[in-house]
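Novice: First, the structure itself, so that you have it in front of you.
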Amino acid sequence: MSPALPVPPAPVSPVAVTGMGVVSAAGITLAENLASLERGRVNAAAPPFPTAHSFPVFRCPVQGLCPLEDAAAFPGVFRAPGPSAYTRTVGLALTAAREALHGAGIAPEELPGLRAGVVVGTSVGASLNFLDFYKAHAAGQNPPLDEIGQYLASNPALALARLLGCRGPAQTVTNACSSGADAIGLAAFWIRSGLCDVVMAGGADELSPISYAGFSSLRLPSPEPCRPFDAARSGLSLGEGAGFIVLEGETSRNRRAAPARAFIAGYGTATDAYHLTAPHPEGRGLAASAAQAFAQAGAGWGDVAFINAHGTGTTANDAAEDAFFRTRCPKTPFIATKGSTGHTLGAAGAIEAIFAASHLHTGALPPSPGFCSPDPAMGVAPVKEATPVSGRLALSQSLAFGGNNSVLLLAKGEA
């Protein structure tokens with residue numbers, strides 16, 4: 001006897017997005033990122049750390065990132081003396097979060113007086129990235145504790161809450177490459193449940209030699225900038241960045257007369273448990289998470305204007321998404337954006353949801369950066385040229401190691 005399927009959630013109220021911010025290799029603001037997508041710009045370069053095999057990566061510009069205040073100013077935060085209190089991941093998060101707050105019309109000094117929460121999805125930001133300390137310790141030296149102190153102060157959600165003065169709940173989500181999408185889904189639940197008035201939600205990850213070595217050991221990086229879904233694709237390109245949105249409850253939004261730039265209409269997540277690193281080849285987990293999101297939104301495929309694909313450029317990922325598209329939504333246009341940002345890991349789901357909301361607002365998709373020639377083995381292909389779209393929803397999907405699949409449904413906003 002087949003096991004009973006879980007009961008889909010009932011429709012829920014959409015949650016308003018009043019501000020958005022993105023920093024990536026494509027630019028240090030959302031506007032710069034969108035302009036880079038329009039031009040198909042690729043800013044890949046050599047890794048910023050020594051490697052045995054040099055594959056191109058997408059690194060954020062150094063100039064323009066928010067300066068990081070000293071963690072020693074916060075009681076109870078351990079930090080040994082050193083040049084930086086926080087990791088680069090926190091700096092990326094702060095840059096995108098401040099842009100989102102500015103777009104929402106919320107001054108940083110207002111946050112301590114609000115029930116403001118923080119949810120951050122990350123992968124690298126939760127890693128033990130103090131290699132210099134390890135090496136010195138293994139060599140019998142007595143290294144300074146700067147890197148240890150920086151790590152202890154840099155839990156992404158707690159650090160961002162300190163820096164912004166948010167006094168509500170703070171949670172870091174580590175669900176591999178779906179972390180940013182999952183953080184937004186959790187934040188929407190916090191708003192709907194009345195736990196918070198405002199939530200800063202998104203994802204952030206810096207380039208790291210640890211993740212670089214891990215992906216290299218799996219033979220996943222491409223020797224050239226990634227080309228998702230292209231016939232000549234040869235793997236992924238790692239990137240770094242952050243994407244954050246301001247989610248706001250209706251009481252708070254009405255009090256401020258703040259327009260919604262988009263709405264989170266639905267969220268779903270499912271684990272297909274197929275493989276440690278590969279998605280189910282038929283996209284079963286992706287289909288289950290999409291069904292949850294549609295049930296929350298009270299919608300169906302006919303309401304979807306377009307899809308922002310996960311689109312890593314690897315054989316397994318692109319084929320699984322192709323199978324999903326062919327069987328569920330063969331005529332729905334989709335875009336793959338990692339040819340401009342690289343794979344930003346825990347930040348990817350948030351950055352791409354923001355891109356989806358932005359393209360839904362303009363009613364047009366730019367060409368998929370890096371995509372030139374359709375793969376004859378696939379039944380569908382991402383948009384190759386500027387494409388007008390119509391519909392009330394955009395779907396953004398994220399696939400992660402461990403078989404996790406997450407889907408966000410974005411609805412068009414008022415501004």
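Identifiers for the structure tokens are assigned positionally: chains receive A, B, ... in sequence, residues are indexed from 1 per chain, and ligands are indexed from 1 in the order shown.
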Excluding stretch 25-40 of chain A and residues on its chain fewer than 5 positions from it, collect all residues at most 7 Å away from it, counting only C-alpha atoms, and give them as a ChimeraX atom specification.

Specialist: /A:58-61,64,340-341,366-367,369

Novice: Keeping only N, CA, C and O atoms, write those residues as a PDB file, in the first residue's frame.

Specialist:
```pdb
ATOM      1  N   PHE A  58      33.067  34.258  -9.459  1.00  0.00           N
ATOM      2  CA  PHE A  58      32.410  35.564  -9.561  1.00  0.00           C
ATOM      3  C   PHE A  58      32.560  36.266  -8.215  1.00  0.00           C
ATOM      4  O   PHE A  58      31.872  35.911  -7.254  1.00  0.00           O
ATOM      5  N   ARG A  59      33.446  37.257  -8.146  1.00  0.00           N
ATOM      6  CA  ARG A  59      33.737  37.934  -6.887  1.00  0.00           C
ATOM      7  C   ARG A  59      33.130  39.326  -6.867  1.00  0.00           C
ATOM      8  O   ARG A  59      33.145  40.047  -7.866  1.00  0.00           O
ATOM      9  N   CYS A  60      32.577  39.705  -5.717  1.00  0.00           N
ATOM     10  CA  CYS A  60      31.985  41.030  -5.570  1.00  0.00           C
ATOM     11  C   CYS A  60      33.066  42.098  -5.584  1.00  0.00           C
ATOM     12  O   CYS A  60      34.186  41.870  -5.107  1.00  0.00           O
ATOM     13  N   PRO A  61      32.741  43.292  -6.084  1.00  0.00           N
ATOM     14  CA  PRO A  61      33.684  44.412  -5.967  1.00  0.00           C
ATOM     15  C   PRO A  61      33.977  44.695  -4.500  1.00  0.00           C
ATOM     16  O   PRO A  61      33.090  44.578  -3.648  1.00  0.00           O
ATOM     17  N   GLY A  64      32.598  49.752  -2.108  1.00  0.00           N
ATOM     18  CA  GLY A  64      31.150  49.864  -2.054  1.00  0.00           C
ATOM     19  C   GLY A  64      30.510  49.011  -0.978  1.00  0.00           C
ATOM     20  O   GLY A  64      29.340  49.194  -0.669  1.00  0.00           O
ATOM     21  N   SER A 340      25.608  35.442 -14.653  1.00  0.00           N
ATOM     22  CA  SER A 340      26.014  36.802 -14.315  1.00  0.00           C
ATOM     23  C   SER A 340      26.501  36.929 -12.880  1.00  0.00           C
ATOM     24  O   SER A 340      27.341  37.776 -12.578  1.00  0.00           O
ATOM     25  N   THR A 341      25.997  36.081 -11.993  1.00  0.00           N
ATOM     26  CA  THR A 341      26.364  36.178 -10.567  1.00  0.00           C
ATOM     27  C   THR A 341      27.264  35.040 -10.106  1.00  0.00           C
ATOM     28  O   THR A 341      27.907  35.144  -9.054  1.00  0.00           O
ATOM     29  N   PRO A 366      15.279  39.631 -19.197  1.00  0.00           N
ATOM     30  CA  PRO A 366      16.462  39.838 -20.027  1.00  0.00           C
ATOM     31  C   PRO A 366      16.946  38.492 -20.569  1.00  0.00           C
ATOM     32  O   PRO A 366      16.472  37.437 -20.124  1.00  0.00           O
ATOM     33  N   PRO A 367      17.893  38.478 -21.499  1.00  0.00           N
ATOM     34  CA  PRO A 367      18.462  37.196 -21.941  1.00  0.00           C
ATOM     35  C   PRO A 367      19.157  36.485 -20.785  1.00  0.00           C
ATOM     36  O   PRO A 367      19.689  37.119 -19.874  1.00  0.00           O
ATOM     37  N   PRO A 369      22.136  35.129 -19.144  1.00  0.00           N
ATOM     38  CA  PRO A 369      23.557  35.356 -19.411  1.00  0.00           C
ATOM     39  C   PRO A 369      24.328  34.049 -19.568  1.00  0.00           C
ATOM     40  O   PRO A 369      24.180  33.120 -18.786  1.00  0.00           O
TER      41      PRO A 369
END
```

Novice: May I have all residues of stretch 138-367 of chain A that DSSP, computed from the backbone, assigns to helix (DSSP H, G or I), given as a PyMOL selection string?

Specialist: chain A and resi 138+146-153+156-164+179-192+209-217+250-256+284-297+301-303+315-328+338-341+345-362

Novice: Can you list, as a list in words, every protein, DNA or RNA residue that comes within 8 Å of A:Ala348 when you count only C-alpha atoms, leaving out same-chain residues fewer than 3 positions away?

Specialist: Cys177, Ser178, Gly180, Ala181, Gly203, Ala242, Gly243, His343, Thr344, Leu345, Ile351, Glu352 and Ser398 of chain A

Novice: Name all residues at most 10 Å from A:Ile210 (count only C-alpha atoms; drop same-chain ones fewer than 6 positions away) and give them as an MDAnalysis selection string.

Specialist: chainID A and resid 124 127:131 216

Novice: From the options A:Pro112, A:Gly194, A:Pro48, A:Gly185, which residue's atoms come nearest to A:Ala350, counting only C-alpha atoms?

Specialist: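 Among the listed residues, the smallest separation from A:Ala350 belongs to A:Gly185.
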
Novice: If you measure from atom CA of A:Ser179 to atom CA of A:Gln397, what distance in Å do you get, rounded to one decimal?

Specialist: 11.5 Å

Novice: So, counting only C-alpha atoms, which residue among A:Asp318, A:Glu414, A:Asp205, A:Asp146 is closest to A:Leu236?

Specialist: A:Asp318

Novice: I'd like the neighbourhood of stretch 299-308 of chain A as a PyMOL selection string, where a residue qualifies if any of its atoms comes within 8 Å (using only C-alpha atoms), though same-chain residues fewer than 6 positions away should be ignored.

Specialist: chain A and resi 329+332-337+352-353+356+360+389-397

Novice: Convert the current residue selection to file output with all heavy atoms, as a compact mmCIF listing (two decimals), in the first residue's frame.

Specialist:
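What ended up in part_20.txt:
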```
# COMPACT_ATOMS: atom_id res chain seq x y z
N CYS A 329 5.39 22.32 -16.91
CA CYS A 329 5.14 23.67 -17.44
C CYS A 329 5.96 23.90 -18.71
O CYS A 329 6.79 24.82 -18.75
CB CYS A 329 5.49 24.71 -16.38
SG CYS A 329 7.12 24.44 -15.61
N THR A 332 5.96 27.54 -20.15
CA THR A 332 6.25 28.68 -19.28
C THR A 332 7.68 29.15 -19.51
O THR A 332 8.62 28.35 -19.36
CB THR A 332 6.07 28.30 -17.80
OG1 THR A 332 4.76 27.79 -17.60
CG2 THR A 332 6.28 29.52 -16.91
N PRO A 333 7.91 30.40 -19.87
CA PRO A 333 9.29 30.86 -20.07
C PRO A 333 10.07 30.83 -18.76
O PRO A 333 9.52 31.03 -17.68
CB PRO A 333 9.12 32.29 -20.60
CG PRO A 333 7.76 32.71 -20.15
CD PRO A 333 6.92 31.46 -20.11
N PHE A 334 11.36 30.58 -18.89
CA PHE A 334 12.20 30.61 -17.69
C PHE A 334 13.54 31.25 -18.01
O PHE A 334 13.98 31.30 -19.16
CB PHE A 334 12.36 29.21 -17.08
CG PHE A 334 13.22 28.25 -17.85
CD1 PHE A 334 14.56 28.07 -17.55
CD2 PHE A 334 12.67 27.48 -18.88
CE1 PHE A 334 15.34 27.16 -18.24
CE2 PHE A 334 13.44 26.57 -19.58
CZ PHE A 334 14.79 26.40 -19.26
N ILE A 335 14.18 31.74 -16.96
CA ILE A 335 15.46 32.42 -17.07
C ILE A 335 16.45 31.77 -16.11
O ILE A 335 16.06 31.25 -15.05
CB ILE A 335 15.32 33.93 -16.77
CG1 ILE A 335 16.63 34.67 -17.00
CG2 ILE A 335 14.83 34.16 -15.34
CD1 ILE A 335 16.51 36.19 -16.89
N ALA A 336 17.73 31.78 -16.49
CA ALA A 336 18.82 31.30 -15.63
C ALA A 336 19.80 32.46 -15.47
O ALA A 336 20.32 32.97 -16.46
CB ALA A 336 19.50 30.09 -16.24
N THR A 337 20.04 32.89 -14.23
CA THR A 337 20.81 34.12 -14.00
C THR A 337 22.22 33.90 -13.46
O THR A 337 22.97 34.86 -13.29
CB THR A 337 20.05 35.04 -13.03
OG1 THR A 337 19.77 34.33 -11.81
CG2 THR A 337 18.73 35.49 -13.64
N GLU A 352 17.98 35.37 -6.36
CA GLU A 352 17.17 35.04 -7.53
C GLU A 352 15.69 35.32 -7.31
O GLU A 352 14.96 35.66 -8.26
CB GLU A 352 17.45 33.60 -7.94
CG GLU A 352 18.85 33.46 -8.52
CD GLU A 352 19.43 32.06 -8.46
OE1 GLU A 352 18.66 31.09 -8.32
OE2 GLU A 352 20.67 31.93 -8.56
N ALA A 353 15.21 35.22 -6.07
CA ALA A 353 13.83 35.61 -5.78
C ALA A 353 13.66 37.12 -5.99
O ALA A 353 12.62 37.57 -6.50
CB ALA A 353 13.46 35.23 -4.36
N ALA A 356 13.50 37.75 -9.62
CA ALA A 356 12.18 37.35 -10.12
C ALA A 356 11.14 38.43 -9.83
O ALA A 356 10.32 38.77 -10.69
CB ALA A 356 11.76 36.02 -9.50
N LEU A 360 9.15 40.54 -12.67
CA LEU A 360 7.69 40.50 -12.68
C LEU A 360 7.13 41.93 -12.71
O LEU A 360 6.14 42.21 -13.40
CB LEU A 360 7.19 39.76 -11.43
CG LEU A 360 5.68 39.50 -11.34
CD1 LEU A 360 5.22 38.56 -12.44
CD2 LEU A 360 5.33 38.93 -9.97
N VAL A 389 6.69 39.20 -20.55
CA VAL A 389 5.96 38.17 -19.81
C VAL A 389 4.72 38.78 -19.19
O VAL A 389 4.67 39.98 -18.90
CB VAL A 389 6.85 37.54 -18.70
CG1 VAL A 389 7.97 36.70 -19.31
CG2 VAL A 389 7.43 38.61 -17.78
N SER A 390 3.71 37.95 -18.99
CA SER A 390 2.49 38.41 -18.35
C SER A 390 1.97 37.32 -17.43
O SER A 390 2.09 36.13 -17.71
CB SER A 390 1.43 38.77 -19.40
OG SER A 390 1.09 37.64 -20.18
N GLY A 391 1.39 37.74 -16.34
CA GLY A 391 0.90 36.81 -15.32
C GLY A 391 1.06 37.45 -13.96
O GLY A 391 1.85 38.38 -13.81
N ARG A 392 0.37 36.95 -12.98
CA ARG A 392 0.41 37.60 -11.67
C ARG A 392 1.49 37.06 -10.75
O ARG A 392 1.77 37.65 -9.72
CB ARG A 392 -0.95 37.51 -10.99
CG ARG A 392 -1.37 36.14 -10.50
CD ARG A 392 -2.77 36.18 -9.88
NE ARG A 392 -3.18 34.93 -9.28
CZ ARG A 392 -2.98 34.61 -8.01
NH1 ARG A 392 -2.37 35.45 -7.21
NH2 ARG A 392 -3.41 33.44 -7.54
N LEU A 393 2.11 35.92 -11.12
CA LEU A 393 3.10 35.30 -10.24
C LEU A 393 4.39 34.99 -10.98
O LEU A 393 4.39 34.73 -12.19
CB LEU A 393 2.55 33.99 -9.66
CG LEU A 393 1.30 34.05 -8.79
CD1 LEU A 393 0.87 32.64 -8.41
CD2 LEU A 393 1.55 34.88 -7.53
N ALA A 394 5.49 34.99 -10.23
CA ALA A 394 6.76 34.48 -10.70
C ALA A 394 7.20 33.39 -9.74
O ALA A 394 6.99 33.49 -8.53
CB ALA A 394 7.82 35.57 -10.75
N LEU A 395 7.78 32.34 -10.27
CA LEU A 395 8.24 31.22 -9.44
C LEU A 395 9.76 31.20 -9.46
O LEU A 395 10.38 31.25 -10.52
CB LEU A 395 7.67 29.91 -9.99
CG LEU A 395 7.90 28.63 -9.18
CD1 LEU A 395 6.75 27.64 -9.40
CD2 LEU A 395 9.23 27.95 -9.55
N SER A 396 10.36 31.13 -8.28
CA SER A 396 11.81 31.04 -8.14
C SER A 396 12.14 29.75 -7.40
O SER A 396 11.61 29.50 -6.32
CB SER A 396 12.36 32.25 -7.37
OG SER A 396 13.77 32.22 -7.32
N GLN A 397 12.98 28.91 -8.00
CA GLN A 397 13.23 27.59 -7.41
C GLN A 397 14.71 27.39 -7.10
O GLN A 397 15.59 27.89 -7.79
CB GLN A 397 12.74 26.49 -8.35
CG GLN A 397 13.32 26.49 -9.74
CD GLN A 397 12.53 25.59 -10.68
OE1 GLN A 397 11.31 25.60 -10.70
NE2 GLN A 397 13.25 24.81 -11.48
```

Novice: Excluding stretch 266-281 of chain A and residues on its chain fewer than 4 positions from it, collect all residues at most 8 Å away from it, counting only C-alpha atoms, and give them as an mmCIF file with C-alpha atoms, in the first residue's frame.

Specialist:
```cif
data_model
loop_
_atom_site.group_PDB
_atom_site.id
_atom_site.type_symbol
_atom_site.label_atom_id
_atom_site.label_comp_id
_atom_site.auth_asym_id
_atom_site.auth_seq_id
_atom_site.Cartn_x
_atom_site.Cartn_y
_atom_site.Cartn_z
ATOM 1 C CA VAL A 12 -2.484 31.926 3.255
ATOM 2 C CA PRO A 14 0.462 37.142 0.963
ATOM 3 C CA ASP A 182 14.167 28.922 3.009
ATOM 4 C CA GLY A 185 9.854 31.297 3.583
ATOM 5 C CA GLY A 285 11.203 16.937 -4.797
ATOM 6 C CA LEU A 286 10.920 20.091 -6.858
ATOM 7 C CA ALA A 288 6.395 18.479 -4.307
ATOM 8 C CA SER A 289 7.707 21.853 -3.132
ATOM 9 C CA ALA A 290 5.980 23.635 -6.034
ATOM 10 C CA ALA A 291 2.686 21.948 -5.091
ATOM 11 C CA GLN A 292 3.033 23.278 -1.530
ATOM 12 C CA ALA A 293 3.758 26.789 -2.766
ATOM 13 C CA PHE A 294 0.772 26.754 -5.143
ATOM 14 C CA ALA A 295 -1.506 25.535 -2.350
ATOM 15 C CA GLN A 296 -0.365 28.390 -0.097
ATOM 16 C CA ALA A 297 -0.938 30.907 -2.884
ATOM 17 C CA ALA A 316 22.634 16.655 -13.096
ATOM 18 C CA ASN A 317 20.967 19.903 -12.025
ATOM 19 C CA ALA A 319 18.707 17.789 -16.540
ATOM 20 C CA ALA A 320 16.517 17.512 -13.424
ATOM 21 C CA ALA A 323 12.518 17.095 -16.702
ATOM 22 C CA LEU A 399 17.848 22.936 -5.461
ATOM 23 C CA ALA A 400 20.355 21.950 -2.800
ATOM 24 C CA PHE A 401 22.731 19.192 -1.764
ATOM 25 C CA GLY A 402 21.005 16.580 0.338
ATOM 26 C CA GLY A 403 18.012 16.580 -1.994
ATOM 27 C CA ASN A 404 16.415 19.733 -0.618
ATOM 28 C CA ASN A 405 14.159 21.629 -3.016
ATOM 29 C CA SER A 406 12.520 24.975 -2.235
ATOM 30 C CA VAL A 407 10.124 27.152 -4.208
ATOM 31 C CA LEU A 408 8.995 30.743 -3.690
ATOM 32 C CA LEU A 409 6.010 32.267 -5.473
ATOM 33 C CA LEU A 410 6.291 36.050 -5.849
#
```

Novice: Which of these residues is nearest to A:Ser24, using only C-alpha atoms: A:Gln150, A:Thr89, A:Thr327, A:Ser234?

Specialist: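 When distances to A:Ser24 are compared using only C-alpha atoms, the smallest one comes from A:Thr89.
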
Novice: For each of A:Thr362, A:Thr51, A:Ser154, A:Thr315, take the minimum atom-to-atom distance to A:Leu220, counting only C-alpha atoms, then give the residue where this is smallest.

Specialist: A:Thr315
